[in-house]
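Q: Okay, so here is work.cif, and as you'll see once you scroll down, it has mmCIF, C-alpha atoms.
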```cif
data_coords
#
loop_
_atom_site.group_PDB
_atom_site.id
_atom_site.type_symbol
_atom_site.label_atom_id
_atom_site.label_comp_id
_atom_site.auth_asym_id
_atom_site.auth_seq_id
_atom_site.Cartn_x
_atom_site.Cartn_y
_atom_site.Cartn_z
ATOM 1 C CA MET A 1 -55.497 -59.955 -32.455
ATOM 2 C CA ALA A 2 -52.784 -58.993 -29.917
ATOM 3 C CA THR A 3 -49.692 -61.072 -29.822
ATOM 4 C CA GLY A 4 -47.904 -62.297 -26.734
ATOM 5 C CA LYS A 5 -45.201 -59.576 -26.954
ATOM 6 C CA GLU A 6 -47.815 -56.801 -27.091
ATOM 7 C CA ASN A 7 -49.560 -58.187 -23.967
ATOM 8 C CA GLU A 8 -46.241 -58.163 -22.072
ATOM 9 C CA ARG A 9 -45.610 -54.530 -23.056
ATOM 10 C CA GLU A 10 -49.054 -53.473 -21.834
ATOM 11 C CA LYS A 11 -48.539 -55.262 -18.507
ATOM 12 C CA THR A 12 -45.110 -53.575 -18.035
ATOM 13 C CA ALA A 13 -46.534 -50.081 -18.748
ATOM 14 C CA ALA A 14 -49.429 -50.636 -16.343
ATOM 15 C CA ALA A 15 -47.052 -51.776 -13.605
ATOM 16 C CA GLY A 16 -44.917 -48.625 -14.079
ATOM 17 C CA LYS A 17 -47.941 -46.328 -13.589
ATOM 18 C CA LYS A 18 -48.877 -47.859 -10.229
ATOM 19 C CA LYS A 19 -48.227 -45.610 -7.152
ATOM 20 C CA PRO A 20 -45.922 -46.884 -4.430
ATOM 21 C CA PRO A 21 -47.792 -48.356 -1.466
ATOM 22 C CA ARG A 22 -48.293 -46.062 1.550
ATOM 23 C CA PRO A 23 -46.971 -47.195 4.908
ATOM 24 C CA SER A 24 -49.746 -48.394 7.141
ATOM 25 C CA GLY A 25 -50.189 -48.526 10.889
ATOM 26 C CA ALA A 26 -47.799 -46.893 13.365
ATOM 27 C CA ALA A 27 -45.026 -46.444 10.761
ATOM 28 C CA GLY A 28 -47.337 -44.370 8.553
ATOM 29 C CA ALA A 29 -48.478 -42.188 11.447
ATOM 30 C CA LYS A 30 -44.876 -41.482 12.522
ATOM 31 C CA SER A 31 -43.766 -40.526 9.001
ATOM 32 C CA ALA A 32 -46.762 -38.184 8.543
ATOM 33 C CA LYS A 33 -46.120 -36.534 11.924
ATOM 34 C CA ALA A 34 -42.440 -36.060 11.152
ATOM 35 C CA ALA A 35 -43.249 -34.439 7.808
ATOM 36 C CA ALA A 36 -45.724 -32.036 9.421
ATOM 37 C CA GLN A 37 -43.323 -30.799 12.140
ATOM 38 C CA PRO A 38 -40.840 -28.010 11.148
ATOM 39 C CA LYS A 39 -37.176 -28.808 11.306
ATOM 40 C CA ALA A 40 -35.386 -27.534 14.416
ATOM 41 C CA PRO A 41 -32.534 -25.098 13.775
ATOM 42 C CA THR A 42 -29.110 -26.628 14.057
ATOM 43 C CA GLU A 43 -27.605 -23.577 15.839
ATOM 44 C CA VAL A 44 -29.153 -21.244 18.380
ATOM 45 C CA GLU A 45 -29.298 -17.730 16.955
ATOM 46 C CA THR A 46 -28.091 -15.043 19.372
ATOM 47 C CA ALA A 47 -28.839 -11.346 19.082
ATOM 48 C CA PRO A 48 -25.803 -9.249 18.078
ATOM 49 C CA GLU A 49 -24.298 -7.156 20.854
ATOM 50 C CA GLU A 50 -24.850 -3.434 20.540
ATOM 51 C CA LYS A 51 -21.612 -1.437 20.430
ATOM 52 C CA VAL A 52 -21.515 1.517 22.781
ATOM 53 C CA PRO A 53 -19.994 4.573 21.049
ATOM 54 C CA ALA A 54 -16.962 6.196 22.619
ATOM 55 C CA ARG A 55 -17.679 8.885 25.203
ATOM 56 C CA LEU A 56 -15.375 11.397 23.512
ATOM 57 C CA TRP A 57 -17.040 10.810 20.128
ATOM 58 C CA LEU A 58 -20.445 11.687 21.593
ATOM 59 C CA ARG A 59 -18.943 14.793 23.202
ATOM 60 C CA TYR A 60 -17.355 15.765 19.901
ATOM 61 C CA GLN A 61 -20.684 15.604 18.109
ATOM 62 C CA ALA A 62 -22.672 17.387 20.827
ATOM 63 C CA GLU A 63 -20.233 20.020 22.130
ATOM 64 C CA VAL A 64 -17.010 20.272 20.125
ATOM 65 C CA VAL A 65 -18.556 20.666 16.664
ATOM 66 C CA PRO A 66 -20.828 23.606 17.623
ATOM 67 C CA ALA A 67 -17.956 25.291 19.477
ATOM 68 C CA LEU A 68 -15.622 24.920 16.477
ATOM 69 C CA MET A 69 -18.272 26.299 14.133
ATOM 70 C CA ARG A 70 -18.546 29.418 16.309
ATOM 71 C CA GLU A 71 -14.802 29.847 16.782
ATOM 72 C CA LEU A 72 -13.793 29.198 13.161
ATOM 73 C CA LYS A 73 -16.899 30.917 11.758
ATOM 74 C CA LEU A 74 -18.048 27.899 9.738
ATOM 75 C CA ASN A 75 -21.574 27.401 8.439
ATOM 76 C CA ASN A 76 -21.312 23.740 7.414
ATOM 77 C CA ARG A 77 -20.730 20.897 9.887
ATOM 78 C CA LEU A 78 -18.832 18.946 7.229
ATOM 79 C CA ALA A 79 -16.186 21.696 7.120
ATOM 80 C CA VAL A 80 -15.409 21.316 10.834
ATOM 81 C CA PRO A 81 -11.930 19.753 11.395
ATOM 82 C CA ARG A 82 -11.931 16.278 12.863
ATOM 83 C CA LEU A 83 -9.468 13.751 14.213
ATOM 84 C CA GLU A 84 -8.620 11.217 11.490
ATOM 85 C CA LYS A 85 -6.114 8.865 13.140
ATOM 86 C CA ILE A 86 -3.597 8.503 15.967
ATOM 87 C CA VAL A 87 -0.236 6.840 15.337
ATOM 88 C CA ILE A 88 1.739 5.385 18.255
ATOM 89 C CA ASN A 89 5.385 4.777 17.384
ATOM 90 C CA ILE A 90 8.178 3.370 19.515
ATOM 91 C CA GLY A 91 11.758 3.094 18.239
ATOM 92 C CA LEU A 92 14.367 0.644 19.511
ATOM 93 C CA GLY A 93 17.723 0.807 17.814
ATOM 94 C CA GLU A 94 19.072 -1.651 20.386
ATOM 95 C CA ALA A 95 16.808 -4.332 18.920
ATOM 96 C CA ARG A 96 19.445 -5.027 16.266
ATOM 97 C CA ASP A 97 21.524 -6.716 18.987
ATOM 98 C CA ASN A 98 18.744 -8.083 21.219
ATOM 99 C CA ILE A 99 15.543 -9.088 19.440
ATOM 100 C CA LYS A 100 13.824 -9.806 22.766
ATOM 101 C CA LEU A 101 13.600 -6.062 23.395
ATOM 102 C CA LEU A 102 11.457 -5.730 20.278
ATOM 103 C CA ASP A 103 9.147 -8.552 21.351
ATOM 104 C CA THR A 104 8.621 -6.838 24.702
ATOM 105 C CA ALA A 105 7.967 -3.494 23.007
ATOM 106 C CA VAL A 106 5.350 -5.056 20.722
ATOM 107 C CA GLU A 107 3.477 -6.512 23.686
ATOM 108 C CA GLU A 108 3.598 -3.225 25.592
ATOM 109 C CA VAL A 109 2.361 -1.163 22.636
ATOM 110 C CA ALA A 110 -0.454 -3.691 22.157
ATOM 111 C CA GLN A 111 -1.528 -3.171 25.773
ATOM 112 C CA ILE A 112 -1.382 0.627 25.444
ATOM 113 C CA ALA A 113 -3.147 0.892 22.080
ATOM 114 C CA GLY A 114 -5.595 -1.974 22.456
ATOM 115 C CA GLN A 115 -4.562 -3.566 19.153
ATOM 116 C CA ARG A 116 -1.586 -5.464 17.756
ATOM 117 C CA PRO A 117 1.110 -3.139 16.341
ATOM 118 C CA VAL A 118 3.223 -3.738 13.263
ATOM 119 C CA VAL A 119 6.997 -4.080 13.372
ATOM 120 C CA THR A 120 8.820 -1.235 11.620
ATOM 121 C CA ARG A 121 12.017 -1.914 9.675
ATOM 122 C CA ALA A 122 14.895 0.236 8.533
ATOM 123 C CA ARG A 123 14.372 1.644 5.023
ATOM 124 C CA LYS A 124 18.088 1.878 4.290
ATOM 125 C CA ALA A 125 21.395 0.874 5.808
ATOM 126 C CA ILE A 126 23.176 3.382 8.099
ATOM 127 C CA SER A 127 26.743 2.389 8.888
ATOM 128 C CA ASN A 128 27.223 4.956 11.672
ATOM 129 C CA PHE A 129 24.398 3.396 13.662
ATOM 130 C CA LYS A 130 25.286 -0.162 12.629
ATOM 131 C CA ILE A 131 21.875 -0.643 11.059
ATOM 132 C CA ARG A 132 21.314 -2.694 7.944
ATOM 133 C CA LYS A 133 18.392 -2.468 5.572
ATOM 134 C CA ASP A 134 15.140 -4.235 6.605
ATOM 135 C CA VAL A 135 16.344 -4.738 10.181
ATOM 136 C CA PRO A 136 13.434 -4.466 12.711
ATOM 137 C CA ILE A 137 13.919 -1.296 14.764
ATOM 138 C CA GLY A 138 10.539 -0.514 16.330
ATOM 139 C CA ALA A 139 6.766 -0.974 16.515
ATOM 140 C CA MET A 140 3.873 1.174 15.331
ATOM 141 C CA ALA A 141 0.099 1.105 15.866
ATOM 142 C CA THR A 142 -2.462 3.196 13.949
ATOM 143 C CA LEU A 143 -5.795 3.861 15.662
ATOM 144 C CA ARG A 144 -8.983 4.950 13.922
ATOM 145 C CA GLY A 145 -12.682 5.226 14.731
ATOM 146 C CA GLY A 146 -13.972 4.464 18.203
ATOM 147 C CA ARG A 147 -10.709 2.955 19.411
ATOM 148 C CA MET A 148 -8.946 6.211 18.489
ATOM 149 C CA TYR A 149 -11.351 8.323 20.582
ATOM 150 C CA GLU A 150 -11.122 5.909 23.516
ATOM 151 C CA PHE A 151 -7.321 6.126 23.493
ATOM 152 C CA PHE A 152 -7.413 9.941 23.309
ATOM 153 C CA ASP A 153 -9.806 10.004 26.268
ATOM 154 C CA ARG A 154 -7.549 7.761 28.366
ATOM 155 C CA LEU A 155 -4.488 9.780 27.391
ATOM 156 C CA VAL A 156 -5.738 13.218 28.465
ATOM 157 C CA THR A 157 -7.702 12.113 31.541
ATOM 158 C CA ILE A 158 -5.500 9.381 33.045
ATOM 159 C CA ALA A 159 -2.059 9.055 31.459
ATOM 160 C CA LEU A 160 -0.827 12.658 31.052
ATOM 161 C CA PRO A 161 -1.715 13.710 34.632
ATOM 162 C CA ARG A 162 0.618 10.934 35.825
ATOM 163 C CA VAL A 163 3.630 12.618 34.218
ATOM 164 C CA ARG A 164 6.123 13.883 36.794
ATOM 165 C CA ASP A 165 5.776 17.671 37.341
ATOM 166 C CA PHE A 166 3.209 17.890 34.573
ATOM 167 C CA ARG A 167 2.341 21.457 33.535
ATOM 168 C CA GLY A 168 0.728 20.826 30.182
ATOM 169 C CA VAL A 169 1.973 19.927 26.712
ATOM 170 C CA SER A 170 3.730 22.260 24.306
ATOM 171 C CA GLU A 171 1.700 23.998 21.606
ATOM 172 C CA LYS A 172 4.755 24.345 19.329
ATOM 173 C CA ALA A 173 4.734 20.747 18.053
ATOM 174 C CA PHE A 174 2.377 21.377 15.115
ATOM 175 C CA ASP A 175 3.735 20.681 11.642
ATOM 176 C CA GLY A 176 2.106 23.654 9.882
ATOM 177 C CA ARG A 177 -0.819 21.630 8.495
ATOM 178 C CA GLY A 178 -2.806 20.997 11.660
ATOM 179 C CA ASP A 179 -1.136 17.719 12.714
ATOM 180 C CA TYR A 180 0.396 17.426 16.175
ATOM 181 C CA SER A 181 3.149 15.172 17.576
ATOM 182 C CA LEU A 182 3.586 14.444 21.266
ATOM 183 C CA GLY A 183 6.740 12.905 22.704
ATOM 184 C CA ILE A 184 6.564 10.868 25.900
ATOM 185 C CA ARG A 185 9.763 9.960 27.731
ATOM 186 C CA GLU A 186 8.329 7.289 30.019
ATOM 187 C CA HIS A 187 5.759 4.887 28.662
ATOM 188 C CA THR A 188 5.020 3.693 32.196
ATOM 189 C CA ILE A 189 2.481 6.525 32.610
ATOM 190 C CA PHE A 190 -0.132 4.311 30.969
ATOM 191 C CA PRO A 191 -2.021 2.311 33.614
ATOM 192 C CA GLU A 192 -2.569 -0.600 31.219
ATOM 193 C CA LEU A 193 1.025 -1.751 31.787
ATOM 194 C CA ASP A 194 2.070 -4.031 34.618
ATOM 195 C CA LEU A 195 5.103 -2.261 36.096
ATOM 196 C CA GLU A 196 6.429 -5.491 37.560
ATOM 197 C CA LYS A 197 6.849 -6.912 34.042
ATOM 198 C CA VAL A 198 8.450 -3.791 32.520
ATOM 199 C CA ASP A 199 12.173 -4.433 32.192
ATOM 200 C CA ARG A 200 13.166 -0.923 31.093
ATOM 201 C CA VAL A 201 11.543 2.483 30.582
ATOM 202 C CA LYS A 202 10.989 3.378 26.910
ATOM 203 C CA GLY A 203 10.018 6.546 25.093
ATOM 204 C CA LEU A 204 7.386 6.793 22.398
ATOM 205 C CA THR A 205 5.853 9.308 20.008
ATOM 206 C CA ILE A 206 2.137 9.897 19.519
ATOM 207 C CA SER A 207 1.040 11.671 16.315
ATOM 208 C CA PHE A 208 -2.440 13.179 15.959
ATOM 209 C CA VAL A 209 -3.472 13.457 12.305
ATOM 210 C CA THR A 210 -6.380 15.843 11.742
ATOM 211 C CA SER A 211 -8.298 17.249 8.798
ATOM 212 C CA ALA A 212 -7.490 20.813 9.871
ATOM 213 C CA ARG A 213 -6.122 23.181 7.239
ATOM 214 C CA SER A 214 -3.889 25.134 9.636
ATOM 215 C CA ASP A 215 -2.254 24.930 13.044
ATOM 216 C CA TYR A 216 -4.863 27.340 14.388
ATOM 217 C CA GLU A 217 -7.714 24.944 13.511
ATOM 218 C CA GLY A 218 -5.768 21.937 14.758
ATOM 219 C CA PHE A 219 -5.013 23.694 18.044
ATOM 220 C CA TRP A 220 -8.678 24.461 18.726
ATOM 221 C CA LEU A 221 -9.740 20.940 17.764
ATOM 222 C CA LEU A 222 -7.335 19.246 20.175
ATOM 223 C CA LYS A 223 -7.917 21.824 22.913
ATOM 224 C CA LEU A 224 -11.695 21.360 22.834
ATOM 225 C CA LEU A 225 -11.209 17.578 22.848
ATOM 226 C CA GLY A 226 -9.274 17.966 26.115
ATOM 227 C CA MET A 227 -5.586 18.310 25.197
ATOM 228 C CA PRO A 228 -3.978 20.297 28.066
ATOM 229 C CA PHE A 229 -1.853 22.891 26.274
ATOM 230 C CA ARG A 230 0.231 25.055 28.592
ATOM 231 C CA GLY A 231 0.860 28.030 26.283
ATOM 232 C CA THR A 232 -1.040 30.321 23.978
ATOM 233 C CA MET A 233 -2.570 29.297 20.681
ATOM 234 C CA PRO A 234 -0.767 29.766 17.343
ATOM 235 C CA GLU A 235 -1.446 33.055 15.627
ATOM 236 C CA ARG A 236 -4.296 32.852 13.170
ATOM 237 C CA GLU A 237 -2.703 35.132 10.582
ATOM 238 C CA SER A 238 0.540 33.163 10.285
ATOM 239 C CA ALA A 239 -1.113 29.729 10.471
ATOM 240 C CA ALA A 240 -4.154 30.302 8.298
ATOM 241 C CA ALA A 241 -4.216 28.389 5.018
#
```
What does the file become when written as structure tokens?
A:
Amino acid sequence: MATGKENEREKTAAAGKKKPPRPSGAAGAKSAKAAAQPKAPTEVETAPEEKVPARLWLRYQAEVVPALMRELKLNNRLAVPRLEKIVINIGLGEARDNIKLLDTAVEEVAQIAGQRPVVTRARKAISNFKIRKDVPIGAMATLRGGRMYEFFDRLVTIALPRVRDFRGVSEKAFDGRGDYSLGIREHTIFPELDLEKVDRVKGLTISFVTSARSDYEGFWLLKLLGMPFRGTMPERESAAA
């Protein structure tokens, strides 16, 4: 015979097994409809913009590479020299006395290169020039990839023809390993600058770092890319690696 405590336990267990009551009427219909509908996305997904490759890069792949393979007698496209990076450097020793000159130079290099340059500092103290160690003395920007080819295209098609009495660039500025350095006296040749905001004319150096093994290969690479050399090419025998 079951006792009173056992009856209470059975009632409690039976109550725990009961399902919760379903909502009836309009409330039940709304909850069922809401559960059936998919959740709306919180943010609208937009398709990523397609990047257009640089015009000079397409020309390099289609025209320059085959021409270099014929000229250098190469059988493998991977052995063809290529442009690795372009370094734009501007030096301002006067910035040790007037830091505003450096700020202006940084903004102008950013407009020319299309990216923010880094501030260069003196590696050691030079008493004759009144320069102490770690003093900011210039700005430098390193370009790679598509931005590098776009800058090269603007340089040879727009900027260099604006040089006064321009007759081409010297072919004697190679370093013996296929890299080329170009000095520009007036940075105002770049159309990106607003001449009304330029307080003084500055000079800068542009270095073209290539994968060429000799000056002969570097000369043909830059020439086919559009660099307007005014003289003859380096001799192959003396420049060959």
Q: From the set A:Leu224, A:Val65, A:Ala54, A:Ile99, which residue has the shortest atom-to-atom contact distance to Val119 (chain A), counting all atoms listed in the file?
A: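 That would be A:Ile99, the residue with the smallest distance to Val119 (chain A).
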Q: Between CA of Pro117 (chain A) and CA of Glu150 (chain A), what is the spacing in Å?
A: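 Separation between CA of Glu150 (chain A) and CA of Pro117 (chain A): 16.8 Å.
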Q: One decimal, in Å: what's the spacing between CA of Phe152 (chain A) and CA of Lys100 (chain A)?
A: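 That distance, rounded to one decimal, is 29.0 Å.
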Q: Please identify all polymer residues within 10 Å of Tyr60 (chain A), counting only C-alpha atoms, omitting same-chain residues fewer than 6 positions from it, and present them as a PyMOL selection string.
A: chain A and resi 54+66-68+82-83+149+221+224-225
Q: Identify, on the basis of all atoms listed in the file, every residue whose closest approach to Leu92 (chain A) does not exceed 12 Å; exclude the query and any residue fewer than 6 positions from it along the same chain; express the result as a ChimeraX atom specification.
A: /A:98-106,119-122,129,131,135-140,200-204
Q: Where does the PyMOL selection byres ((chain A and resi 219) around 12) land in this file, that is, which residues does it pick, as a PyMOL selection string?
A: chain A and resi 68+71-72+81-83+169-181+208-218+220-236+239-240
Q: From the set A:Val109, A:Val87, A:Val64, A:Leu58, which residue has the shortest atom-to-atom contact distance to Arg144 (chain A), counting only C-alpha atoms?
A: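 Under the stated criterion, the closest residue is A:Val87.
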Q: I need the residue nearest Val80 (chain A) from this list: A:Thr157, A:Gln61, A:Val163, A:Leu182. Use all atoms listed in the file for the distance.
A: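 Looking at the shortest contact to Val80 (chain A), the residue is A:Gln61.
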Q: List the residues selected by the PyMOL selection byres ((chain A and resi 192) around 12) in the file shown, writing them as an mmCIF file with C-alpha atoms, keeping the file's coordinate frame.
A:
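The resulting file, expr-v4.cif, is shown below:
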```cif
data_model
loop_
_atom_site.group_PDB
_atom_site.id
_atom_site.type_symbol
_atom_site.label_atom_id
_atom_site.label_comp_id
_atom_site.auth_asym_id
_atom_site.auth_seq_id
_atom_site.Cartn_x
_atom_site.Cartn_y
_atom_site.Cartn_z
ATOM 1 C CA GLU A 107 3.477 -6.512 23.686
ATOM 2 C CA GLU A 108 3.598 -3.225 25.592
ATOM 3 C CA VAL A 109 2.361 -1.163 22.636
ATOM 4 C CA ALA A 110 -0.454 -3.691 22.157
ATOM 5 C CA GLN A 111 -1.528 -3.171 25.773
ATOM 6 C CA ILE A 112 -1.382 0.627 25.444
ATOM 7 C CA ALA A 113 -3.147 0.892 22.080
ATOM 8 C CA GLY A 114 -5.595 -1.974 22.456
ATOM 9 C CA PHE A 151 -7.321 6.126 23.493
ATOM 10 C CA ARG A 154 -7.549 7.761 28.366
ATOM 11 C CA LEU A 155 -4.488 9.780 27.391
ATOM 12 C CA ILE A 158 -5.500 9.381 33.045
ATOM 13 C CA ALA A 159 -2.059 9.055 31.459
ATOM 14 C CA HIS A 187 5.759 4.887 28.662
ATOM 15 C CA THR A 188 5.020 3.693 32.196
ATOM 16 C CA ILE A 189 2.481 6.525 32.610
ATOM 17 C CA PHE A 190 -0.132 4.311 30.969
ATOM 18 C CA PRO A 191 -2.021 2.311 33.614
ATOM 19 C CA LEU A 193 1.025 -1.751 31.787
ATOM 20 C CA ASP A 194 2.070 -4.031 34.618
ATOM 21 C CA LEU A 195 5.103 -2.261 36.096
ATOM 22 C CA LYS A 197 6.849 -6.912 34.042
ATOM 23 C CA VAL A 198 8.450 -3.791 32.520
#
```
Q: Please measure the separation of CA of Ile86 (chain A) and CA of Pro161 (chain A), giving the value in Å to one decimal.
A: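 These two atoms are separated by 19.5 Å.
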